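Colleague: upload22.txt is the file, holding compact mmCIF, C-alpha atoms:
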# COMPACT_ATOMS: atom_id res chain seq x y z
CA MET A 40 -20.95 -164.36 -81.55
CA ASP A 41 -19.78 -167.45 -83.42
CA ALA A 42 -16.09 -168.33 -83.23
CA GLU A 43 -16.44 -171.13 -85.77
CA LYS A 44 -17.76 -168.74 -88.42
CA TRP A 45 -14.80 -166.43 -87.83
CA ASP A 46 -12.39 -169.35 -88.01
CA ALA A 47 -13.90 -170.22 -91.39
CA ARG A 48 -13.65 -166.63 -92.56
CA TYR A 49 -9.98 -166.42 -91.64
CA ARG A 50 -9.28 -169.73 -93.40
CA GLU A 51 -10.68 -168.33 -96.64
CA ARG A 52 -7.99 -165.69 -96.98
CA GLU A 53 -4.54 -164.90 -95.67
CA ASP A 54 -4.09 -161.46 -94.09
CA THR A 55 -7.84 -160.96 -93.98
CA PHE A 56 -7.58 -157.34 -92.84
CA GLY A 57 -4.11 -156.54 -94.15
CA VAL A 58 -0.69 -156.61 -92.54
CA ASP A 59 -0.10 -152.94 -91.75
CA PRO A 60 -1.44 -151.38 -88.55
CA ASN A 61 -4.63 -149.38 -88.78
CA ARG A 62 -3.75 -145.79 -89.70
CA PHE A 63 -5.99 -144.36 -87.00
CA VAL A 64 -4.30 -146.51 -84.37
CA VAL A 65 -0.92 -145.21 -85.49
CA GLU A 66 -2.12 -141.60 -85.33
CA ALA A 67 -3.66 -141.98 -81.87
CA VAL A 68 -0.63 -143.73 -80.36
CA GLU A 69 1.98 -141.39 -81.83
CA GLY A 70 3.90 -139.63 -79.08
CA LEU A 71 2.75 -141.91 -76.25
CA THR A 72 5.32 -143.50 -73.96
CA PRO A 73 5.13 -147.29 -74.43
CA GLY A 74 3.65 -149.22 -71.54
CA THR A 75 1.13 -152.03 -71.23
CA ALA A 76 -1.45 -152.44 -73.99
CA LEU A 77 -4.56 -154.56 -74.46
CA ASP A 78 -5.87 -155.21 -77.97
CA LEU A 79 -9.41 -156.60 -77.78
CA ALA A 80 -10.67 -158.48 -80.87
CA CYS A 81 -7.09 -158.41 -82.15
CA GLY A 82 -7.70 -160.75 -85.10
CA GLU A 83 -4.50 -161.70 -86.89
CA GLY A 84 -2.58 -159.24 -84.75
CA ARG A 85 -1.57 -156.46 -87.11
CA ASN A 86 -2.06 -153.74 -84.48
CA SER A 87 -0.70 -155.79 -81.58
CA VAL A 88 2.48 -156.66 -83.44
CA TRP A 89 3.01 -153.05 -84.46
CA LEU A 90 2.57 -151.90 -80.87
CA ALA A 91 5.05 -154.51 -79.65
CA TRP A 92 7.50 -153.31 -82.29
CA GLN A 93 7.12 -149.82 -80.82
CA GLY A 94 8.07 -151.13 -77.39
CA TRP A 95 4.65 -151.82 -75.85
CA ASP A 96 4.01 -154.87 -73.65
CA VAL A 97 0.94 -156.21 -75.44
CA VAL A 98 -1.87 -158.65 -74.67
CA GLY A 99 -3.95 -159.56 -77.73
CA VAL A 100 -7.33 -161.24 -77.23
CA ASP A 101 -9.54 -162.85 -79.85
CA TRP A 102 -11.90 -165.79 -80.00
CA SER A 103 -10.69 -167.16 -83.34
CA SER A 104 -8.01 -169.80 -82.93
CA VAL A 105 -7.15 -169.50 -86.64
CA ALA A 106 -6.57 -165.75 -86.31
CA LEU A 107 -4.42 -166.19 -83.21
CA GLU A 108 -2.31 -168.89 -84.85
CA ARG A 109 -1.53 -166.45 -87.66
CA ALA A 110 -0.95 -163.67 -85.14
CA ALA A 111 1.64 -165.82 -83.37
CA VAL A 112 3.42 -166.50 -86.66
CA ARG A 113 3.35 -162.78 -87.45
CA SER A 114 4.81 -161.73 -84.10
CA ALA A 115 7.53 -164.38 -84.33
CA ALA A 116 8.47 -163.21 -87.82
CA ALA A 117 8.68 -159.63 -86.53
CA GLY A 118 10.88 -160.70 -83.63
CA VAL A 119 8.52 -159.42 -80.95
CA GLU A 120 6.58 -161.03 -78.11
CA VAL A 121 2.83 -160.65 -77.66
CA ASP A 122 0.72 -162.44 -75.07
CA TRP A 123 -1.95 -164.00 -77.32
CA ARG A 124 -5.10 -165.16 -75.52
CA ARG A 125 -8.09 -166.98 -76.97
CA SER A 126 -11.36 -165.93 -75.35
CA ASP A 127 -14.89 -164.73 -76.03
CA LEU A 128 -14.95 -161.05 -75.06
CA LEU A 129 -18.47 -161.43 -73.72
CA GLU A 130 -17.16 -163.89 -71.14
CA TRP A 131 -13.58 -162.70 -70.52
CA SER A 132 -12.78 -159.92 -68.09
CA PRO A 133 -9.59 -157.86 -68.53
CA GLY A 134 -9.55 -156.78 -64.89
CA THR A 135 -9.64 -153.20 -63.62
CA GLU A 136 -7.15 -150.40 -64.22
CA GLN A 137 -4.51 -152.75 -65.62
CA PHE A 138 -3.42 -151.27 -68.96
CA ASP A 139 -1.92 -147.99 -70.16
CA LEU A 140 -3.63 -148.45 -73.54
CA VAL A 141 -6.77 -150.41 -74.37
CA MET A 142 -7.93 -150.74 -77.98
CA VAL A 143 -11.15 -152.05 -79.50
CA VAL A 144 -10.75 -151.85 -83.27
CA TYR A 145 -13.60 -152.79 -85.64
CA LEU A 146 -15.57 -154.91 -83.22
CA GLN A 147 -18.91 -154.92 -85.03
CA ILE A 148 -21.39 -156.81 -82.87
CA PRO A 149 -24.95 -156.09 -81.66
CA ARG A 150 -25.61 -153.13 -79.39
CA ASP A 151 -25.87 -154.79 -75.97
CA GLU A 152 -22.83 -156.94 -76.64
CA ARG A 153 -20.59 -154.11 -77.79
CA HIS A 154 -21.66 -151.97 -74.86
CA LEU A 155 -20.56 -154.72 -72.48
CA VAL A 156 -17.16 -154.96 -74.17
CA TRP A 157 -16.69 -151.17 -74.18
CA GLU A 158 -17.57 -150.93 -70.48
CA ARG A 159 -15.08 -153.65 -69.58
CA ALA A 160 -12.48 -152.04 -71.83
CA ALA A 161 -12.97 -148.69 -70.10
CA GLY A 162 -12.63 -150.33 -66.71
CA ALA A 163 -9.31 -151.89 -67.73
CA VAL A 164 -7.63 -148.52 -68.37
CA ALA A 165 -4.99 -147.69 -65.76
CA PRO A 166 -4.62 -144.23 -64.18
CA GLY A 167 -3.11 -141.94 -66.78
CA GLY A 168 -3.96 -144.44 -69.53
CA ARG A 169 -6.32 -144.28 -72.48
CA LEU A 170 -8.98 -146.18 -74.34
CA MET A 171 -9.34 -146.06 -78.11
CA VAL A 172 -12.39 -147.43 -79.94
CA ILE A 173 -12.46 -147.48 -83.74
CA GLY A 174 -15.35 -148.83 -85.78
CA HIS A 175 -17.27 -148.84 -89.02
CA ASP A 176 -19.61 -145.87 -88.70
CA SER A 177 -23.38 -146.05 -89.16
CA ARG A 178 -23.13 -143.53 -92.02
CA ASN A 179 -20.94 -145.95 -93.95
CA LEU A 180 -23.99 -148.04 -94.79
CA THR A 181 -25.39 -145.35 -97.10
CA GLU A 182 -22.53 -142.92 -97.67
CA GLY A 183 -19.41 -145.10 -97.68
CA VAL A 184 -18.13 -148.34 -99.16
CA CYS A 185 -17.36 -151.86 -97.91
CA GLY A 186 -17.73 -152.87 -94.29
CA PRO A 187 -20.68 -154.64 -92.61
CA GLN A 188 -24.03 -154.22 -94.30
CA SER A 189 -26.19 -154.71 -91.23
CA PRO A 190 -27.21 -151.57 -89.32
CA ASP A 191 -27.43 -153.66 -86.13
CA VAL A 192 -23.64 -153.86 -85.86
CA LEU A 193 -22.86 -150.28 -86.89
CA TYR A 194 -22.64 -147.29 -84.56
CA GLY A 195 -21.46 -143.71 -84.27
CA PRO A 196 -18.95 -141.95 -82.02
CA ALA A 197 -21.68 -140.49 -79.81
CA GLU A 198 -22.81 -143.99 -78.87
CA ILE A 199 -19.29 -145.02 -77.90
CA ALA A 200 -18.76 -141.84 -75.89
CA GLY A 201 -22.03 -142.32 -74.08
CA VAL A 202 -20.99 -145.77 -72.87
CA VAL A 203 -17.44 -144.93 -71.75
CA ALA A 204 -18.02 -141.41 -70.37
CA PRO A 205 -19.14 -142.63 -66.92
CA PHE A 206 -15.73 -144.27 -66.53
CA LEU A 207 -13.28 -142.06 -68.42
CA ASP A 208 -12.83 -138.53 -69.75
CA VAL A 209 -13.63 -138.50 -73.47
CA ILE A 210 -11.10 -136.34 -75.35
CA GLU A 211 -11.97 -137.18 -78.97
CA THR A 212 -15.10 -138.16 -80.88
CA SER A 213 -14.74 -138.08 -84.64
CA THR A 214 -15.71 -139.64 -87.92
CA VAL A 215 -12.86 -140.26 -90.34
CA LEU A 216 -12.58 -141.19 -94.00
CA ARG A 217 -10.51 -144.23 -94.95
CA PRO A 218 -9.46 -144.68 -98.62
CA VAL A 219 -10.59 -147.98 -100.12
CA ASP A 220 -9.70 -149.33 -103.55
CA VAL A 221 -12.78 -150.66 -105.35
CA ASP A 222 -12.18 -152.06 -108.83
CA GLY A 223 -9.13 -149.86 -109.30
CA ALA A 224 -10.84 -146.65 -108.20
CA GLU A 225 -10.41 -144.90 -104.85
CA HIS A 226 -13.49 -144.60 -102.69
CA HIS A 227 -13.88 -143.88 -99.00
CA ALA A 228 -15.22 -145.81 -96.06
CA ILE A 229 -16.52 -143.87 -93.07
CA ASP A 230 -15.11 -144.94 -89.71
CA ASN A 231 -15.36 -143.46 -86.24
CA ARG A 232 -12.79 -142.99 -83.50
CA VAL A 233 -13.24 -142.22 -79.83
CA VAL A 234 -10.37 -141.66 -77.42
CA ALA A 235 -10.88 -141.44 -73.67
CA VAL A 236 -8.45 -141.18 -70.76
CA ARG A 237 -8.39 -141.91 -67.05
CA ASP A 238 -7.07 -139.21 -64.73
CA ALA A 239 -3.63 -140.07 -63.40
CA SER A 240 -4.44 -139.05 -59.83
In structure tokens, write the structure found in this file.

Modeller:
Amino acid sequence: MDAEKWDARYREREDTFGVDPNRFVVEAVEGLTPGTALDLACGEGRNSVWLAWQGWDVVGVDWSSVALERAAVRSAAAGVEVDWRRSDLLEWSPGTEQFDLVMVVYLQIPRDERHLVWERAAGAVAPGGRLMVIGHDSRNLTEGVCGPQSPDVLYGPAEIAGVVAPFLDVIETSTVLRPVDVDGAEHHAIDNRVVAVRDAS
């Protein structure tokens, strides 16, 4: 992965991925009691800030200093505190069984690299906690719109489940449609979502 390229990408546009939290994050978190949360590849912090606003104690990790600077501005403007950390997820370890909620949202990197991140993310889930992975689905390349155009960084829910199942109990594997405006017309991107939990005992 190349942090400098992502820094350049974030410099090109404010609010690169929007300001509102991802709708699938909101759906998956609804009804949970706030606790500790880890947002891996948090970008400009839209999901982290929303979680903090809901009462979660959040750590947001990304390797782009530009994204994290904007995330810090965003959390300050919202009047919430988030522990922003700059690190390469391939080198940084979140520890074991530390967080009530761990999220990996739209981390589109090659297979071996994403598997490493997912394994570490699964290991970081505390007893009674959950992991949520959301990504651009492989089907989006031919059936959806927008998103990465390289099949090497796309995947399906079965792949995610296969990596995290040795560590956690998988309770959801799904593909979901996300409305996208293209030239004034509504189209749909195809995403995937996997939710897994660790037994509380």

Colleague: Name the closest residue to A:Gln147 among the candidates A:Ala224, A:Ala235, A:Val65, A:Ile173; distances are taken between atoms, counting only C-alpha atoms.

Modeller: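 Smallest distance to A:Gln147 is found for A:Ile173.
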
Colleague: Tell me, as a list in words, which residues lie within 8 Å of A:Pro218, counting all atoms listed in the file; anything in the same chain fewer than 2 positions away does not count.

Modeller: Leu216, Asp220, Glu225, His226, His227 and Ala228 of chain A

Colleague: Which residues come within 12 Å of A:Val68, counting all atoms listed in the file, excluding same-chain residues fewer than 4 positions away, as a short mmCIF file (atom, residue, chain, number, x, y, z; two decimals) with C-alpha atoms, in the frame of the given file?

Modeller:
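Writing done, so here's result.cif:
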data_model
loop_
_atom_site.label_atom_id
_atom_site.label_comp_id
_atom_site.auth_asym_id
_atom_site.auth_seq_id
_atom_site.Cartn_x
_atom_site.Cartn_y
_atom_site.Cartn_z
CA PRO A 60 -1.44 -151.38 -88.55
CA ASN A 61 -4.63 -149.38 -88.78
CA ARG A 62 -3.75 -145.79 -89.70
CA PHE A 63 -5.99 -144.36 -87.00
CA VAL A 64 -4.30 -146.51 -84.37
CA THR A 72 5.32 -143.50 -73.96
CA PRO A 73 5.13 -147.29 -74.43
CA GLY A 74 3.65 -149.22 -71.54
CA ALA A 76 -1.45 -152.44 -73.99
CA ASN A 86 -2.06 -153.74 -84.48
CA TRP A 89 3.01 -153.05 -84.46
CA LEU A 90 2.57 -151.90 -80.87
CA GLN A 93 7.12 -149.82 -80.82
CA GLY A 94 8.07 -151.13 -77.39
CA TRP A 95 4.65 -151.82 -75.85
CA ASP A 139 -1.92 -147.99 -70.16
CA LEU A 140 -3.63 -148.45 -73.54
CA VAL A 141 -6.77 -150.41 -74.37
CA MET A 142 -7.93 -150.74 -77.98
CA GLY A 168 -3.96 -144.44 -69.53
CA ARG A 169 -6.32 -144.28 -72.48
CA LEU A 170 -8.98 -146.18 -74.34
CA MET A 171 -9.34 -146.06 -78.11
CA VAL A 234 -10.37 -141.66 -77.42
#

Colleague: Do you have the atom CA of A:Pro190-atom CA of A:Val105 distance handy?

Modeller: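 Between these atoms lies a distance of 27.0 Å.
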
Colleague: Which is closest to A:Val215 among A:Glu66, A:Trp157, A:Gly82, A:Glu120, if we use only C-alpha atoms?

Modeller: A:Glu66

Colleague: Record the distance separating atom CA of A:Val172 and atom CA of A:Val100, expressed in Å with one decimal.

Modeller: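 Taking atom CA of A:Val172 and atom CA of A:Val100, their separation equals 15.0 Å.
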
Colleague: Just to confirm, what's the straight-line distance from atom CA of A:Arg217 to atom CA of A:Ile148 in Å (one decimal)?

Modeller: 20.6 Å

Colleague: For a cut-off of 12 Å around (-3.9, -159.3, -84.8), file coordinates, pick out all residues using only C-alpha atoms and list them as a ChimeraX atom specification.

Modeller: /A:49,54-61,77-91,97-114,121-125,142-145

Colleague: Please determine, counting only C-alpha atoms, which residue among A:Leu146, A:Ile229, A:Val119, A:Ala239 has the shortest atom-to-atom distance to A:Arg178.

Modeller: A:Ile229

Colleague: Nearest to A:Arg153 among A:Val192, A:Val236, A:Ala197, A:Ala117, with distances taken over only C-alpha atoms: which residue is it?

Modeller: A:Val192

Colleague: Got a sec to check which residues sit within 12 Å of (-18.6, -141.4, -69.8), counting only C-alpha atoms, and write them as a list in words?

Modeller: Trp157, Glu158, Ala161, Gly162, Leu170, Ala197, Glu198, Ile199, Ala200, Gly201, Val202, Val203, Ala204, Pro205, Phe206, Leu207, Asp208, Val209, Ile210, Val233, Val234, Ala235, Val236 and Arg237 of chain A

Colleague: Which one is closest to A:Pro187: A:Pro166, A:Gly223, A:Gly118, A:Gly174? Count all atoms listed in the file.

Modeller: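 Smallest separation from A:Pro187 among the options: A:Gly174.
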
Colleague: Which is closer to A:Gln188 than all the others in A:His175, A:Val221, A:Ser240, A:Ala67, using only C-alpha atoms?

Modeller: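 Closest candidate: A:His175.
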